[in-house]
Structures are given as structure tokens and as C-alpha cells.
>>> print(open('model.pdb').read())   # PDB, C-alpha atoms
MODEL        1
ATOM      1  CA  MET F   1       0.000   0.000   0.000
ATOM      2  CA  SER F   2       1.452   3.392  -0.990
ATOM      3  CA  ASP F   3       1.692   6.287   1.432
ATOM      4  CA  GLU F   4      -0.927   8.184  -0.570
ATOM      5  CA  GLN F   5      -3.503   5.569   0.295
ATOM      6  CA  ARG F   6      -2.820   5.648   4.014
ATOM      7  CA  LEU F   7      -5.343   8.292   4.901
ATOM      8  CA  VAL F   8      -6.079   9.666   8.352
ATOM      9  CA  GLY F   9      -9.196   8.041   9.801
ATOM     10  CA  ILE F  10     -12.022  10.080  11.308
ATOM     11  CA  VAL F  11     -14.203   9.111  14.286
ATOM     12  CA  LEU F  12     -17.320  11.120  15.150
ATOM     13  CA  VAL F  13     -18.516  10.750  18.751
ATOM     14  CA  SER F  14     -21.944  12.086  19.675
ATOM     15  CA  HIS F  15     -24.421  11.467  22.484
ATOM     16  CA  SER F  16     -26.818  10.415  19.751
ATOM     17  CA  ALA F  17     -26.278   7.508  17.346
ATOM     18  CA  GLU F  18     -28.354   9.305  14.722
ATOM     19  CA  VAL F  19     -26.359  12.530  15.020
ATOM     20  CA  ALA F  20     -23.029  10.722  14.718
ATOM     21  CA  ALA F  21     -24.176   8.662  11.736
ATOM     22  CA  SER F  22     -25.794  11.632   9.968
ATOM     23  CA  VAL F  23     -22.787  13.893  10.431
ATOM     24  CA  ALA F  24     -20.552  11.137   9.077
ATOM     25  CA  GLU F  25     -22.766  10.839   5.998
ATOM     26  CA  LEU F  26     -22.957  14.590   5.582
ATOM     27  CA  ALA F  27     -19.205  15.047   5.847
ATOM     28  CA  LYS F  28     -18.573  12.319   3.292
ATOM     29  CA  ALA F  29     -21.175  13.750   0.934
ATOM     30  CA  LEU F  30     -19.855  17.316   1.214
ATOM     31  CA  SER F  31     -16.274  16.227   0.731
ATOM     32  CA  GLY F  32     -16.928  14.882  -2.773
ATOM     33  CA  GLY F  33     -13.795  12.858  -3.123
ATOM     34  CA  GLY F  34     -13.941  11.895   0.530
ATOM     35  CA  GLY F  35     -15.190   8.433  -0.316
ATOM     36  CA  ALA F  36     -11.752   6.973   0.300
ATOM     37  CA  VAL F  37     -11.532   8.361   3.831
ATOM     38  CA  ALA F  38     -12.582   5.958   6.545
ATOM     39  CA  VAL F  39     -15.172   7.740   8.691
ATOM     40  CA  ALA F  40     -16.838   5.925  11.579
ATOM     41  CA  PRO F  41     -19.640   7.197  13.811
ATOM     42  CA  ALA F  42     -19.623   6.285  17.507
ATOM     43  CA  GLY F  43     -22.937   7.587  18.776
ATOM     44  CA  GLY F  44     -24.964   6.884  21.889
ATOM     45  CA  THR F  45     -24.530   4.112  24.388
ATOM     46  CA  ALA F  46     -24.026   0.439  23.559
ATOM     47  CA  SER F  47     -27.674  -0.195  24.477
ATOM     48  CA  GLY F  48     -28.909   2.443  22.040
ATOM     49  CA  GLY F  49     -29.596   5.273  24.477
ATOM     50  CA  PHE F  50     -28.176   8.788  24.611
ATOM     51  CA  GLY F  51     -24.664   8.955  26.030
ATOM     52  CA  THR F  52     -21.181   7.741  25.224
ATOM     53  CA  SER F  53     -19.813   4.231  24.935
ATOM     54  CA  SER F  54     -16.083   3.714  25.273
ATOM     55  CA  GLU F  55     -16.464   0.397  23.436
ATOM     56  CA  LEU F  56     -18.128   2.048  20.450
ATOM     57  CA  VAL F  57     -15.423   4.733  20.431
ATOM     58  CA  ALA F  58     -12.633   2.154  20.607
ATOM     59  CA  SER F  59     -14.100  -0.082  17.902
ATOM     60  CA  ALA F  60     -14.789   2.913  15.640
ATOM     61  CA  ALA F  61     -11.192   4.109  16.048
ATOM     62  CA  ALA F  62      -9.830   0.637  15.291
ATOM     63  CA  SER F  63     -12.042   0.376  12.215
ATOM     64  CA  VAL F  64     -10.714   3.601  10.603
ATOM     65  CA  ASP F  65      -7.042   3.168  11.538
ATOM     66  CA  ARG F  66      -5.009   2.897   8.326
ATOM     67  CA  GLY F  67      -1.682   3.646   9.983
ATOM     68  CA  ALA F  68      -1.807   7.400   9.369
ATOM     69  CA  GLY F  69      -3.467   8.341  12.641
ATOM     70  CA  VAL F  70      -7.046   8.815  13.775
ATOM     71  CA  ALA F  71      -8.745  12.154  14.400
ATOM     72  CA  VAL F  72     -11.618  12.006  16.887
ATOM     73  CA  LEU F  73     -14.260  14.736  16.955
ATOM     74  CA  THR F  74     -16.829  14.882  19.743
ATOM     75  CA  ASP F  75     -19.957  16.789  20.637
ATOM     76  CA  LEU F  76     -19.907  17.606  24.374
ATOM     77  CA  GLY F  77     -19.790  16.463  27.981
ATOM     78  CA  SER F  78     -19.268  12.740  28.379
ATOM     79  CA  ALA F  79     -18.214  12.372  24.727
ATOM     80  CA  VAL F  80     -15.255  14.678  25.339
ATOM     81  CA  LEU F  81     -14.458  13.178  28.754
ATOM     82  CA  THR F  82     -14.676   9.572  27.562
ATOM     83  CA  VAL F  83     -12.239  10.152  24.699
ATOM     84  CA  LYS F  84      -9.886  12.089  26.981
ATOM     85  CA  ALA F  85     -10.013   9.341  29.604
ATOM     86  CA  LEU F  86      -9.271   6.690  26.991
ATOM     87  CA  LEU F  87      -6.347   8.724  25.670
ATOM     88  CA  ALA F  88      -4.941   9.542  29.107
ATOM     89  CA  GLU F  89      -5.233   6.211  30.820
ATOM     90  CA  GLY F  90      -5.813   3.349  28.507
ATOM     91  CA  ASP F  91      -4.442   1.370  25.615
ATOM     92  CA  GLU F  92      -7.842   0.949  23.959
ATOM     93  CA  LEU F  93      -7.225   3.416  21.123
ATOM     94  CA  PRO F  94      -4.791   3.024  18.193
ATOM     95  CA  ASP F  95      -1.432   4.792  18.421
ATOM     96  CA  ASP F  96      -1.641   8.277  16.991
ATOM     97  CA  THR F  97      -5.247   8.828  17.953
ATOM     98  CA  ARG F  98      -5.970  12.455  18.694
ATOM     99  CA  LEU F  99      -8.965  14.278  20.153
ATOM    100  CA  VAL F 100      -9.475  17.242  17.846
ATOM    101  CA  ASP F 101     -10.798  20.456  19.372
ATOM    102  CA  ALA F 102     -13.324  21.472  16.735
ATOM    103  CA  PRO F 103     -17.012  22.224  16.175
ATOM    104  CA  PHE F 104     -18.699  18.908  15.519
ATOM    105  CA  VAL F 105     -20.419  19.366  12.149
ATOM    106  CA  GLU F 106     -18.168  21.961  10.533
ATOM    107  CA  GLY F 107     -15.068  20.298  11.932
ATOM    108  CA  ALA F 108     -16.126  16.899  10.628
ATOM    109  CA  VAL F 109     -16.558  18.274   7.117
ATOM    110  CA  ALA F 110     -13.178  20.040   7.242
ATOM    111  CA  ALA F 111     -11.480  16.938   8.663
ATOM    112  CA  VAL F 112     -12.881  14.570   6.022
ATOM    113  CA  VAL F 113     -12.106  16.947   3.135
ATOM    114  CA  THR F 114      -8.559  17.463   4.395
ATOM    115  CA  ALA F 115      -7.981  13.792   5.098
ATOM    116  CA  SER F 116      -9.163  12.936   1.563
ATOM    117  CA  THR F 117      -6.229  14.939   0.145
ATOM    118  CA  GLY F 118      -3.803  12.618   1.894
ATOM    119  CA  ALA F 119      -2.889  15.270   4.488
ATOM    120  CA  ASP F 120      -1.293  14.095   7.719
ATOM    121  CA  LEU F 121      -2.954  14.026  11.140
ATOM    122  CA  ALA F 122      -1.612  17.463  12.169
ATOM    123  CA  ALA F 123      -3.052  19.037   9.002
ATOM    124  CA  VAL F 124      -6.408  17.306   9.511
ATOM    125  CA  GLU F 125      -6.476  18.527  13.106
ATOM    126  CA  ALA F 126      -5.580  22.090  12.073
ATOM    127  CA  ALA F 127      -8.267  22.163   9.382
ATOM    128  CA  ALA F 128     -10.932  20.907  11.767
ATOM    129  CA  ALA F 129      -9.925  23.357  14.502
ATOM    130  CA  GLU F 130      -9.920  26.204  12.001
ATOM    131  CA  ALA F 131     -13.616  25.597  11.464
ATOM    132  CA  TYR F 132     -14.142  27.482  14.749
ATOM    133  CA  SER F 133     -13.094  30.683  12.960
ATOM    134  CA  TYR F 134     -15.759  30.591  10.248
ATOM    135  CA  ARG F 135     -18.165  33.172  11.623
ATOM    136  CA  LYS F 136     -21.727  33.050  10.360
ATOM    137  CA  VAL F 137     -22.845  36.577  11.172
TER     138      VAL F 137
ATOM    139  CA  MET J   1      -2.408  -2.321  56.282
ATOM    140  CA  LEU J   2      -5.031  -2.576  53.562
ATOM    141  CA  ASP J   3      -5.017  -5.554  51.187
ATOM    142  CA  ALA J   4      -6.816  -6.423  47.954
ATOM    143  CA  ASP J   5      -9.705  -7.899  49.910
ATOM    144  CA  PHE J   6     -10.181  -4.600  51.755
ATOM    145  CA  PHE J   7     -10.341  -2.739  48.414
ATOM    146  CA  ARG J   8     -12.797  -5.278  47.007
ATOM    147  CA  ARG J   9     -15.042  -4.849  50.057
ATOM    148  CA  TRP J  10     -14.731  -1.060  49.677
ATOM    149  CA  MET J  11     -15.984  -1.269  46.091
ATOM    150  CA  THR J  12     -18.776  -3.664  47.096
ATOM    151  CA  ALA J  13     -19.831  -1.300  49.889
ATOM    152  CA  THR J  14     -19.811   1.590  47.411
ATOM    153  CA  THR J  15     -22.035  -0.429  45.062
ATOM    154  CA  ALA J  16     -24.491  -1.079  47.897
ATOM    155  CA  LEU J  17     -24.581   2.615  48.841
ATOM    156  CA  VAL J  18     -25.024   3.714  45.231
ATOM    157  CA  ASP J  19     -27.891   1.205  44.934
ATOM    158  CA  ARG J  20     -29.507   2.579  48.060
ATOM    159  CA  GLU J  21     -29.009   6.222  47.083
ATOM    160  CA  ALA J  22     -29.624   5.919  43.332
ATOM    161  CA  GLU J  23     -33.074   7.492  43.456
ATOM    162  CA  ARG J  24     -31.823  10.386  45.552
ATOM    163  CA  LEU J  25     -28.897  10.979  43.170
ATOM    164  CA  THR J  26     -31.222  11.005  40.195
ATOM    165  CA  ALA J  27     -33.610  13.333  42.043
ATOM    166  CA  LEU J  28     -30.727  15.728  42.717
ATOM    167  CA  ASP J  29     -29.786  15.480  39.036
ATOM    168  CA  SER J  30     -33.309  16.383  37.868
ATOM    169  CA  PRO J  31     -33.408  20.139  38.494
ATOM    170  CA  ILE J  32     -29.834  20.869  37.364
ATOM    171  CA  GLY J  33     -28.820  17.881  35.229
ATOM    172  CA  ASP J  34     -30.366  15.282  32.980
ATOM    173  CA  ALA J  35     -31.834  13.037  35.678
ATOM    174  CA  ASP J  36     -29.654  10.020  35.051
ATOM    175  CA  HIS J  37     -26.844  10.254  37.619
ATOM    176  CA  GLY J  38     -28.224   7.615  39.978
ATOM    177  CA  SER J  39     -29.092   5.087  37.291
ATOM    178  CA  ASN J  40     -25.804   5.671  35.451
ATOM    179  CA  LEU J  41     -23.692   5.115  38.554
ATOM    180  CA  GLN J  42     -25.824   2.168  39.597
ATOM    181  CA  ARG J  43     -25.165   0.497  36.248
ATOM    182  CA  GLY J  44     -21.456   1.314  36.559
ATOM    183  CA  PHE J  45     -20.918   0.033  40.093
ATOM    184  CA  THR J  46     -23.039  -3.038  39.464
ATOM    185  CA  ALA J  47     -20.585  -3.845  36.658
ATOM    186  CA  VAL J  48     -17.668  -3.124  39.016
ATOM    187  CA  SER J  49     -18.969  -5.578  41.599
ATOM    188  CA  ALA J  50     -19.681  -8.200  38.935
ATOM    189  CA  ALA J  51     -16.169  -7.852  37.489
ATOM    190  CA  LEU J  52     -14.565  -8.047  40.923
ATOM    191  CA  GLY J  53     -16.647 -11.132  41.690
ATOM    192  CA  LYS J  54     -15.422 -12.839  38.546
ATOM    193  CA  ASP J  55     -11.761 -11.783  38.561
ATOM    194  CA  ALA J  56     -10.055 -11.543  41.915
ATOM    195  CA  PRO J  57      -7.278  -9.004  41.398
ATOM    196  CA  ALA J  58      -4.371  -9.744  43.717
ATOM    197  CA  THR J  59      -3.390  -6.209  44.668
ATOM    198  CA  PRO J  60      -5.177  -3.049  45.854
ATOM    199  CA  GLY J  61      -3.962  -1.228  42.746
ATOM    200  CA  ALA J  62      -5.340  -3.899  40.420
ATOM    201  CA  VAL J  63      -8.747  -3.805  42.153
ATOM    202  CA  LEU J  64      -9.066  -0.063  41.539
ATOM    203  CA  VAL J  65      -7.741  -0.231  37.965
ATOM    204  CA  LEU J  66     -10.305  -2.915  37.115
ATOM    205  CA  ALA J  67     -13.077  -0.951  38.827
ATOM    206  CA  GLY J  68     -12.116   2.228  36.967
ATOM    207  CA  ARG J  69     -12.077   0.462  33.647
ATOM    208  CA  GLN J  70     -15.575  -0.914  34.282
ATOM    209  CA  LEU J  71     -16.909   2.549  35.105
ATOM    210  CA  ILE J  72     -15.453   4.071  31.938
ATOM    211  CA  SER J  73     -17.010   1.260  29.860
ATOM    212  CA  THR J  74     -20.450   1.022  31.376
ATOM    213  CA  VAL J  75     -21.690   4.334  32.808
ATOM    214  CA  GLY J  76     -22.406   6.149  29.531
ATOM    215  CA  GLY J  77     -22.448   9.632  31.101
ATOM    216  CA  ALA J  78     -19.745  12.052  32.172
ATOM    217  CA  SER J  79     -19.477  10.427  35.594
ATOM    218  CA  GLY J  80     -18.065   7.275  33.921
ATOM    219  CA  PRO J  81     -14.795   8.738  32.655
ATOM    220  CA  LEU J  82     -14.519  10.966  35.745
ATOM    221  CA  TYR J  83     -14.974   8.231  38.379
ATOM    222  CA  GLY J  84     -13.179   5.762  36.130
ATOM    223  CA  THR J  85     -10.174   8.054  35.935
ATOM    224  CA  LEU J  86     -10.295   8.641  39.701
ATOM    225  CA  LEU J  87     -10.129   4.923  40.482
ATOM    226  CA  ARG J  88      -7.814   3.912  37.671
ATOM    227  CA  ARG J  89      -5.253   6.642  38.361
ATOM    228  CA  THR J  90      -5.441   5.960  42.105
ATOM    229  CA  GLY J  91      -4.928   2.263  41.384
ATOM    230  CA  LYS J  92      -1.943   2.949  39.159
ATOM    231  CA  ALA J  93      -0.439   5.209  41.821
ATOM    232  CA  LEU J  94      -0.696   2.352  44.338
ATOM    233  CA  GLY J  95       1.586   0.256  42.133
ATOM    234  CA  ASP J  96       1.678  -3.492  42.654
ATOM    235  CA  SER J  97       2.122  -3.751  46.416
ATOM    236  CA  GLY J  98       0.039  -6.479  48.004
ATOM    237  CA  GLU J  99      -0.766  -4.219  50.946
ATOM    238  CA  VAL J 100      -0.844  -0.453  51.329
ATOM    239  CA  SER J 101      -1.114   1.882  54.289
ATOM    240  CA  LYS J 102      -3.842   4.476  54.787
ATOM    241  CA  GLU J 103      -1.204   7.124  54.083
ATOM    242  CA  GLN J 104      -0.283   5.476  50.790
ATOM    243  CA  LEU J 105      -3.961   5.343  49.868
ATOM    244  CA  ALA J 106      -4.326   9.051  50.700
ATOM    245  CA  GLU J 107      -1.309   9.856  48.542
ATOM    246  CA  ALA J 108      -2.605   7.748  45.634
ATOM    247  CA  LEU J 109      -6.072   9.305  45.908
ATOM    248  CA  ARG J 110      -4.435  12.706  45.679
ATOM    249  CA  ALA J 111      -3.006  11.647  42.290
ATOM    250  CA  GLY J 112      -6.442  10.321  41.310
ATOM    251  CA  VAL J 113      -8.194  13.568  42.237
ATOM    252  CA  GLU J 114      -5.543  15.533  40.362
ATOM    253  CA  ALA J 115      -6.263  13.430  37.253
ATOM    254  CA  VAL J 116      -9.996  14.112  37.629
ATOM    255  CA  ARG J 117      -9.311  17.840  37.859
ATOM    256  CA  THR J 118      -7.154  17.710  34.735
ATOM    257  CA  LEU J 119      -9.745  15.689  32.834
ATOM    258  CA  GLY J 120     -12.766  17.786  33.731
ATOM    259  CA  GLY J 121     -11.018  21.104  34.262
ATOM    260  CA  ALA J 122     -12.904  21.704  37.514
ATOM    261  CA  ALA J 123     -11.514  23.546  40.525
ATOM    262  CA  PRO J 124     -12.882  23.564  44.073
ATOM    263  CA  GLY J 125     -15.945  25.828  44.225
ATOM    264  CA  ASP J 126     -17.171  24.935  40.718
ATOM    265  CA  LYS J 127     -19.998  22.799  42.208
ATOM    266  CA  THR J 128     -18.671  19.415  41.098
ATOM    267  CA  MET J 129     -17.450  16.139  42.606
ATOM    268  CA  VAL J 130     -14.132  17.910  43.218
ATOM    269  CA  ASP J 131     -15.810  19.819  46.081
ATOM    270  CA  ALA J 132     -16.254  16.552  47.989
ATOM    271  CA  LEU J 133     -13.091  14.799  46.804
ATOM    272  CA  VAL J 134     -10.517  17.453  47.677
ATOM    273  CA  PRO J 135     -11.461  17.942  51.358
ATOM    274  CA  ALA J 136     -11.990  14.184  51.801
ATOM    275  CA  VAL J 137      -8.542  13.297  50.535
ATOM    276  CA  GLU J 138      -7.001  16.013  52.699
ATOM    277  CA  ALA J 139      -8.818  14.690  55.788
ATOM    278  CA  LEU J 140      -7.876  11.086  55.059
ATOM    279  CA  GLY J 141      -4.477  11.906  56.507
ATOM    280  CA  ASP J 142      -6.259  12.120  59.891
ATOM    281  CA  SER J 143      -8.725   9.237  59.756
ATOM    282  CA  PHE J 144     -11.310   7.407  57.647
ATOM    283  CA  ALA J 145     -14.038   9.036  59.741
ATOM    284  CA  ALA J 146     -12.624  12.515  59.134
ATOM    285  CA  ALA J 147     -12.516  11.823  55.390
ATOM    286  CA  ARG J 148     -16.151  10.737  55.430
ATOM    287  CA  THR J 149     -17.243  13.839  57.319
ATOM    288  CA  ALA J 150     -15.219  16.131  55.060
ATOM    289  CA  ALA J 151     -16.698  14.517  51.927
ATOM    290  CA  VAL J 152     -20.296  14.768  53.158
ATOM    291  CA  GLU J 153     -19.813  18.361  54.312
ATOM    292  CA  GLY J 154     -18.075  19.200  51.039
ATOM    293  CA  ALA J 155     -21.057  17.860  49.118
ATOM    294  CA  GLU J 156     -23.545  19.777  51.286
ATOM    295  CA  ALA J 157     -21.510  22.948  50.824
ATOM    296  CA  THR J 158     -22.158  22.829  47.068
ATOM    297  CA  THR J 159     -25.810  23.856  47.575
ATOM    298  CA  PRO J 160     -25.284  27.645  47.560
ATOM    299  CA  LEU J 161     -22.707  27.508  44.760
ATOM    300  CA  GLN J 162     -23.283  28.379  41.127
ATOM    301  CA  ALA J 163     -22.207  25.583  38.771
ATOM    302  CA  ARG J 164     -19.257  26.392  36.554
ATOM    303  CA  LYS J 165     -18.707  22.988  34.935
ATOM    304  CA  GLY J 166     -20.862  20.429  33.195
ATOM    305  CA  ARG J 167     -24.445  20.665  32.051
ATOM    306  CA  ALA J 168     -25.557  22.467  35.224
ATOM    307  CA  SER J 169     -23.335  25.409  34.293
ATOM    308  CA  TYR J 170     -25.689  26.222  31.389
ATOM    309  CA  LEU J 171     -28.296  27.073  34.041
ATOM    310  CA  GLY J 172     -26.188  29.874  35.494
ATOM    311  CA  GLU J 173     -27.725  31.307  38.660
ATOM    312  CA  ARG J 174     -30.583  28.797  38.525
ATOM    313  CA  SER J 175     -28.091  26.128  39.616
ATOM    314  CA  ILE J 176     -27.844  27.862  43.011
ATOM    315  CA  GLY J 177     -29.786  26.189  45.830
ATOM    316  CA  HIS J 178     -29.335  22.609  44.642
ATOM    317  CA  GLN J 179     -26.819  20.169  46.093
ATOM    318  CA  ASP J 180     -24.541  18.876  43.362
ATOM    319  CA  PRO J 181     -25.278  15.229  42.484
ATOM    320  CA  GLY J 182     -21.648  14.511  41.548
ATOM    321  CA  ALA J 183     -20.335  15.808  44.870
ATOM    322  CA  THR J 184     -23.050  13.788  46.604
ATOM    323  CA  SER J 185     -22.041  10.538  44.914
ATOM    324  CA  ALA J 186     -18.351  11.289  45.509
ATOM    325  CA  ALA J 187     -19.126  11.467  49.227
ATOM    326  CA  LEU J 188     -20.651   7.968  49.063
ATOM    327  CA  ILE J 189     -17.233   6.572  48.144
ATOM    328  CA  PHE J 190     -15.819   7.934  51.396
ATOM    329  CA  VAL J 191     -18.822   6.795  53.423
ATOM    330  CA  ALA J 192     -18.207   3.306  52.025
ATOM    331  CA  LEU J 193     -14.486   3.588  52.781
ATOM    332  CA  GLU J 194     -15.155   4.385  56.423
ATOM    333  CA  GLU J 195     -17.741   1.582  56.675
ATOM    334  CA  THR J 196     -15.231  -0.858  55.220
ATOM    335  CA  ALA J 197     -12.458   0.275  57.557
ATOM    336  CA  GLY J 198     -14.806   0.082  60.558
ATOM    337  CA  GLU J 199     -15.927  -3.484  59.961
TER     338      GLU J 199
ENDMDL
END
>>> encode(input="model.pdb", output="C-alpha cells")
Amino acid sequence: MSDEQRLVGIVLVSHSAEVAASVAELAKALSGGGGAVAVAPAGGTASGGFGTSSELVASAAASVDRGAGVAVLTDLGSAVLTVKALLAEGDELPDDTRLVDAPFVEGAVAAVVTASTGADLAAVEAAAAEAYSYRKV
Amino acid sequence: MLDADFFRRWMTATTALVDREAERLTALDSPIGDADHGSNLQRGFTAVSAALGKDAPATPGAVLVLAGRQLISTVGGASGPLYGTLLRRTGKALGDSGEVSKEQLAEALRAGVEAVRTLGGAAPGDKTMVDALVPAVEALGDSFAAARTAAVEGAEATTPLQARKGRASYLGERSIGHQDPGATSAALIFVALEETAGE
């Protein structure tokens, strides 16, 4: 496998399974050529309720890991804390997994578009974080 | 000295207290949170007790690391990673000694509380579990009973505070007048610790 094909993987963690899955679809659709980027939603609890499941986060991260790093975007509260706890304490996430400080929807689109160009994890993170600066009014 | 069995009984006692107080925790979480704190913690500690019943970790540190991991996996709300980090970091700080002193536990808990503060970004006075944990760990240097009292008083002292972290902080001044559910559940851990030590 060439380096060009080793794209950064994207994980989208939301309290809601539907939100995570829809944002993943939206980001892939808006990124046009983003079809090659592995994007995995990790929404809700394992039993289907609202919340965060560390198992869903870990399996989503493993499923998008192509050896170029994994960028994780979250909505709020326990989603943020769960990813941080996994990163700080555990060995459940692939090496080079990073929690990206970005707005969830806009950041996901920026991350998938950037990852689709073959950019590295730092560039994907920067693009997603930059989405905070797009003012709407 | 405190051995793995002591730590297992501590976690079992915490599970029993969380079971008993689950409705109260959820009631406290209704006006200022999302009314799931009791049921979330109940699910988490039930999993802790089940895991400790199945595996029998040989050291105090391993008991807490296993308990912390269960909480992170099963709670589903913010209290999972917070309590999970508290126990896991405390367990790691205890190392692999077969027995630890109360002083070593106090020192390890200090590292655990520090990790919770780093994770959640909360300081004392923000109306969070930190308001019970910090005074309890300080008082543990004196005695288990002092730690229990400090934790319970710390939790009660959150009532007049305005929340500055978590979902309750969105309520601004409307969070004043309610005892913080996280501080209340944090106190249960120290109530259980004193009960276990007093057996």
C-alpha cells in the first residue's frame, strides 16, 4: 500500500447515534472525493440510548485506523471526557489517535475533506480546529 | 495495612450505597442535570462488583484499575470517565504492592483527584465532585471518619454555589440552591471507605 492511500481516519462521537451517523454521511457527501476516507460514527450508548460508549469509540477508532493516525471529533460532555479518559489512561485506542478540538459538524466536514487529500494528522487537526473561525454573522 | 480484599469490600460497599441512594442521586440530578446520575452510577458500580466477583485481582492497585475500567465502559455519562479516571489513576499510583497503608492510599487518591481535575477542568468551588473529593482526601491523613465527614460536608456545601462545569453550568444562577449530584455521589465513596475500615 502506498503512502498516498494511508489516509487519516475520522471518528465522530456524539451522544446520539443518529447525530453521529448523519454527520458522518454529511461530511462524506460534502467532501466529494472523501469516499476513500474511513469515517466511523460512535454515537450513543451500547444499548442504544443517549450517552457515550467507550467500546463504540474504541471499535470505531480501530475500524478507521489505516496507519496514518485517527482524528476524533466529539460533541460535548461525556463524549469529550470519555475520549480524553481513553487517551490519558488506557491502551484501547490506536497509536496516533488524537482528540481534535473542533465544532462537531463543521469540523467533521473540514477533517474529512482534508484527510481525503492525503494530508497528515496534524493538518487534519488544524483544518478541523480552524472551522471554529468561520463566523456566520 | 489494607489488602486487595479490603479494596474489594470497599468497592462492594460503594455499590451497595449507590444502589440505596440511586433514586436520591437522580432526584438531585433532575433540576440541574439530565436526571440520570443515579441510574448511570448504579449500572457502573453493578458492573464493578460483577467484574470483581469474577476476577479476583491480587493487589489493591489492580482492584481499583479494574473498577475504573468498568466505570469508563459502562456508565455512559460524564461520571463514567470521571470516576473511572479517579479509580484507575489511584490504582496505578498504588503500584503493585500487596498491601498499602492508609497514608499510601491518601497519597494515591491525591493523584487520582488531580487526574480528575485535569480531565474535567474543575476547581474547588465549581460545584462538582471535586468539592467533595478534595477535602476528603485532605482529611484522610487524619482518619477514615474525618474523610467521610469532610466529603459529606463538602457535598452539602455545594448547595449555595453556582455551577461552573458540566451541564448544570448552562443554568447559570438557577443552579444555586441545589446540592450537586456529583459531589453527593463522591461522598458515598468515602462513606463506604469508612464503613469498610470500621468493619
>>> residues_around(input="model.pdb", residues="Val8 of chain F", least_positions_apart="4", cutoff="8 Å", atoms="all atoms listed in the file", output="PyMOL selection string")
chain F and resi 37-38+64-71+115+118-121+124
>>> resolve_selection(input="model.pdb", expression="the PyMOL selection byres ((chain J) within 6 of (chain F))", output="count of residues only")
5
>>> atom_distance(input="model.pdb", atom1="atom CA of Pro181 of chain J", atom2="atom CA of Ala168 of chain J")
10.3 Å
>>> resolve_selection(input="model.pdb", expression="the PyMOL selection byres ((chain F and resi 131) around 12)", output="PyMOL selection string")
chain F and resi 100-111+114+124-130+132-136
>>> write_last_selection(input="model.pdb", atoms="C-alpha atoms", output="PDB file, in the frame of the given file")
ATOM      1  CA  VAL F 100      -9.475  17.242  17.846  1.00  0.00           C
ATOM      2  CA  ASP F 101     -10.798  20.456  19.372  1.00  0.00           C
ATOM      3  CA  ALA F 102     -13.324  21.472  16.735  1.00  0.00           C
ATOM      4  CA  PRO F 103     -17.012  22.224  16.175  1.00  0.00           C
ATOM      5  CA  PHE F 104     -18.699  18.908  15.519  1.00  0.00           C
ATOM      6  CA  VAL F 105     -20.419  19.366  12.149  1.00  0.00           C
ATOM      7  CA  GLU F 106     -18.168  21.961  10.533  1.00  0.00           C
ATOM      8  CA  GLY F 107     -15.068  20.298  11.932  1.00  0.00           C
ATOM      9  CA  ALA F 108     -16.126  16.899  10.628  1.00  0.00           C
ATOM     10  CA  VAL F 109     -16.558  18.274   7.117  1.00  0.00           C
ATOM     11  CA  ALA F 110     -13.178  20.040   7.242  1.00  0.00           C
ATOM     12  CA  ALA F 111     -11.480  16.938   8.663  1.00  0.00           C
ATOM     13  CA  THR F 114      -8.559  17.463   4.395  1.00  0.00           C
ATOM     14  CA  VAL F 124      -6.408  17.306   9.511  1.00  0.00           C
ATOM     15  CA  GLU F 125      -6.476  18.527  13.106  1.00  0.00           C
ATOM     16  CA  ALA F 126      -5.580  22.090  12.073  1.00  0.00           C
ATOM     17  CA  ALA F 127      -8.267  22.163   9.382  1.00  0.00           C
ATOM     18  CA  ALA F 128     -10.932  20.907  11.767  1.00  0.00           C
ATOM     19  CA  ALA F 129      -9.925  23.357  14.502  1.00  0.00           C
ATOM     20  CA  GLU F 130      -9.920  26.204  12.001  1.00  0.00           C
ATOM     21  CA  TYR F 132     -14.142  27.482  14.749  1.00  0.00           C
ATOM     22  CA  SER F 133     -13.094  30.683  12.960  1.00  0.00           C
ATOM     23  CA  TYR F 134     -15.759  30.591  10.248  1.00  0.00           C
ATOM     24  CA  ARG F 135     -18.165  33.172  11.623  1.00  0.00           C
ATOM     25  CA  LYS F 136     -21.727  33.050  10.360  1.00  0.00           C
TER      26      LYS F 136
END
>>> residues_around(input="model.pdb", residues="segment 129-144 of chain J", least_positions_apart="3", cutoff="7 Å", atoms="all atoms listed in the file", output="ChimeraX atom specification")
/J:103,106,109-110,113,122-125,147-148,150-152,154-155,182-183,186-187,193-194
>>> resolve_selection(input="model.pdb", expression="the PyMOL selection byres ((chain J and resi 45-47) around 9)", output="list in words")
Met11, Thr12, Thr14, Thr15, Ala16, Val18, Asp19, Asn40, Leu41, Gln42, Arg43, Gly44, Val48, Ser49, Ala50, Ala51, Leu52, Ala67, Gln70, Leu71, Thr74 and Val75 of chain J
>>> closest_residue(input="model.pdb", among="F:Leu99, F:Val137, F:Ala60, F:Ala36", to="Gln5 of chain F", atoms="only C-alpha atoms")
F:Ala36
>>> residues_around(input="model.pdb", residues="Leu188 of chain J", least_positions_apart="3", cutoff="7 Å", atoms="only C-alpha atoms", output="number ranges by chain")
J: 14, 17, 184-185, 191-192
>>> residues_near_point(input="model.pdb", point="(-9.2, -0.5, 40.0)", cutoff="12 Å", atoms="only C-alpha atoms", output="PyMOL selection string")
chain J and resi 4+7-8+10-11+45+48-49+51-52+55-72+83-96+108-109+112
>>> atom_distance(input="model.pdb", atom1="atom CA of Ser116 of chain F", atom2="atom CA of Ala24 of chain F")
13.8 Å
>>> atom_distance(input="model.pdb", atom1="atom CA of Gly53 of chain J", atom2="atom CA of Phe6 of chain J")
13.6 Å
>>> axis_aligned_box(input="model.pdb", around="segment 87-102 of chain J", padding_each_side="5 Å", output="lines of an AutoDock Vina configuration file")
center_x = -4.0
center_y = 0.1
center_z = 46.2
size_x = 22.3
size_y = 23.1
size_z = 27.1
>>> build_atoms(input="model.pdb", residues="segment 91-98 of chain F", atoms="N, CA and C atoms", output="tab-separated table (two decimals), in the frame of the given file")
chain	number	residue	atom	x	y	z
F	91	ASP	N	-5.11	1.80	26.84
F	91	ASP	CA	-4.44	1.37	25.62
F	91	ASP	C	-5.49	0.89	24.62
F	92	GLU	N	-6.73	1.42	24.79
F	92	GLU	CA	-7.84	0.95	23.96
F	92	GLU	C	-7.86	1.59	22.58
F	93	LEU	N	-7.17	2.71	22.41
F	93	LEU	CA	-7.22	3.42	21.12
F	93	LEU	C	-5.93	3.19	20.35
F	94	PRO	N	-6.01	3.22	18.99
F	94	PRO	CA	-4.79	3.02	18.19
F	94	PRO	C	-3.75	4.10	18.51
F	95	ASP	N	-2.49	3.78	18.30
F	95	ASP	CA	-1.43	4.79	18.42
F	95	ASP	C	-1.79	5.94	17.49
F	96	ASP	N	-1.38	7.14	17.88
F	96	ASP	CA	-1.64	8.28	16.99
F	96	ASP	C	-3.13	8.57	16.84
F	97	THR	N	-3.86	8.38	17.93
F	97	THR	CA	-5.25	8.83	17.95
F	97	THR	C	-5.26	10.17	18.67
F	98	ARG	N	-5.97	11.12	18.11
F	98	ARG	CA	-5.97	12.46	18.69
F	98	ARG	C	-7.39	12.98	18.83
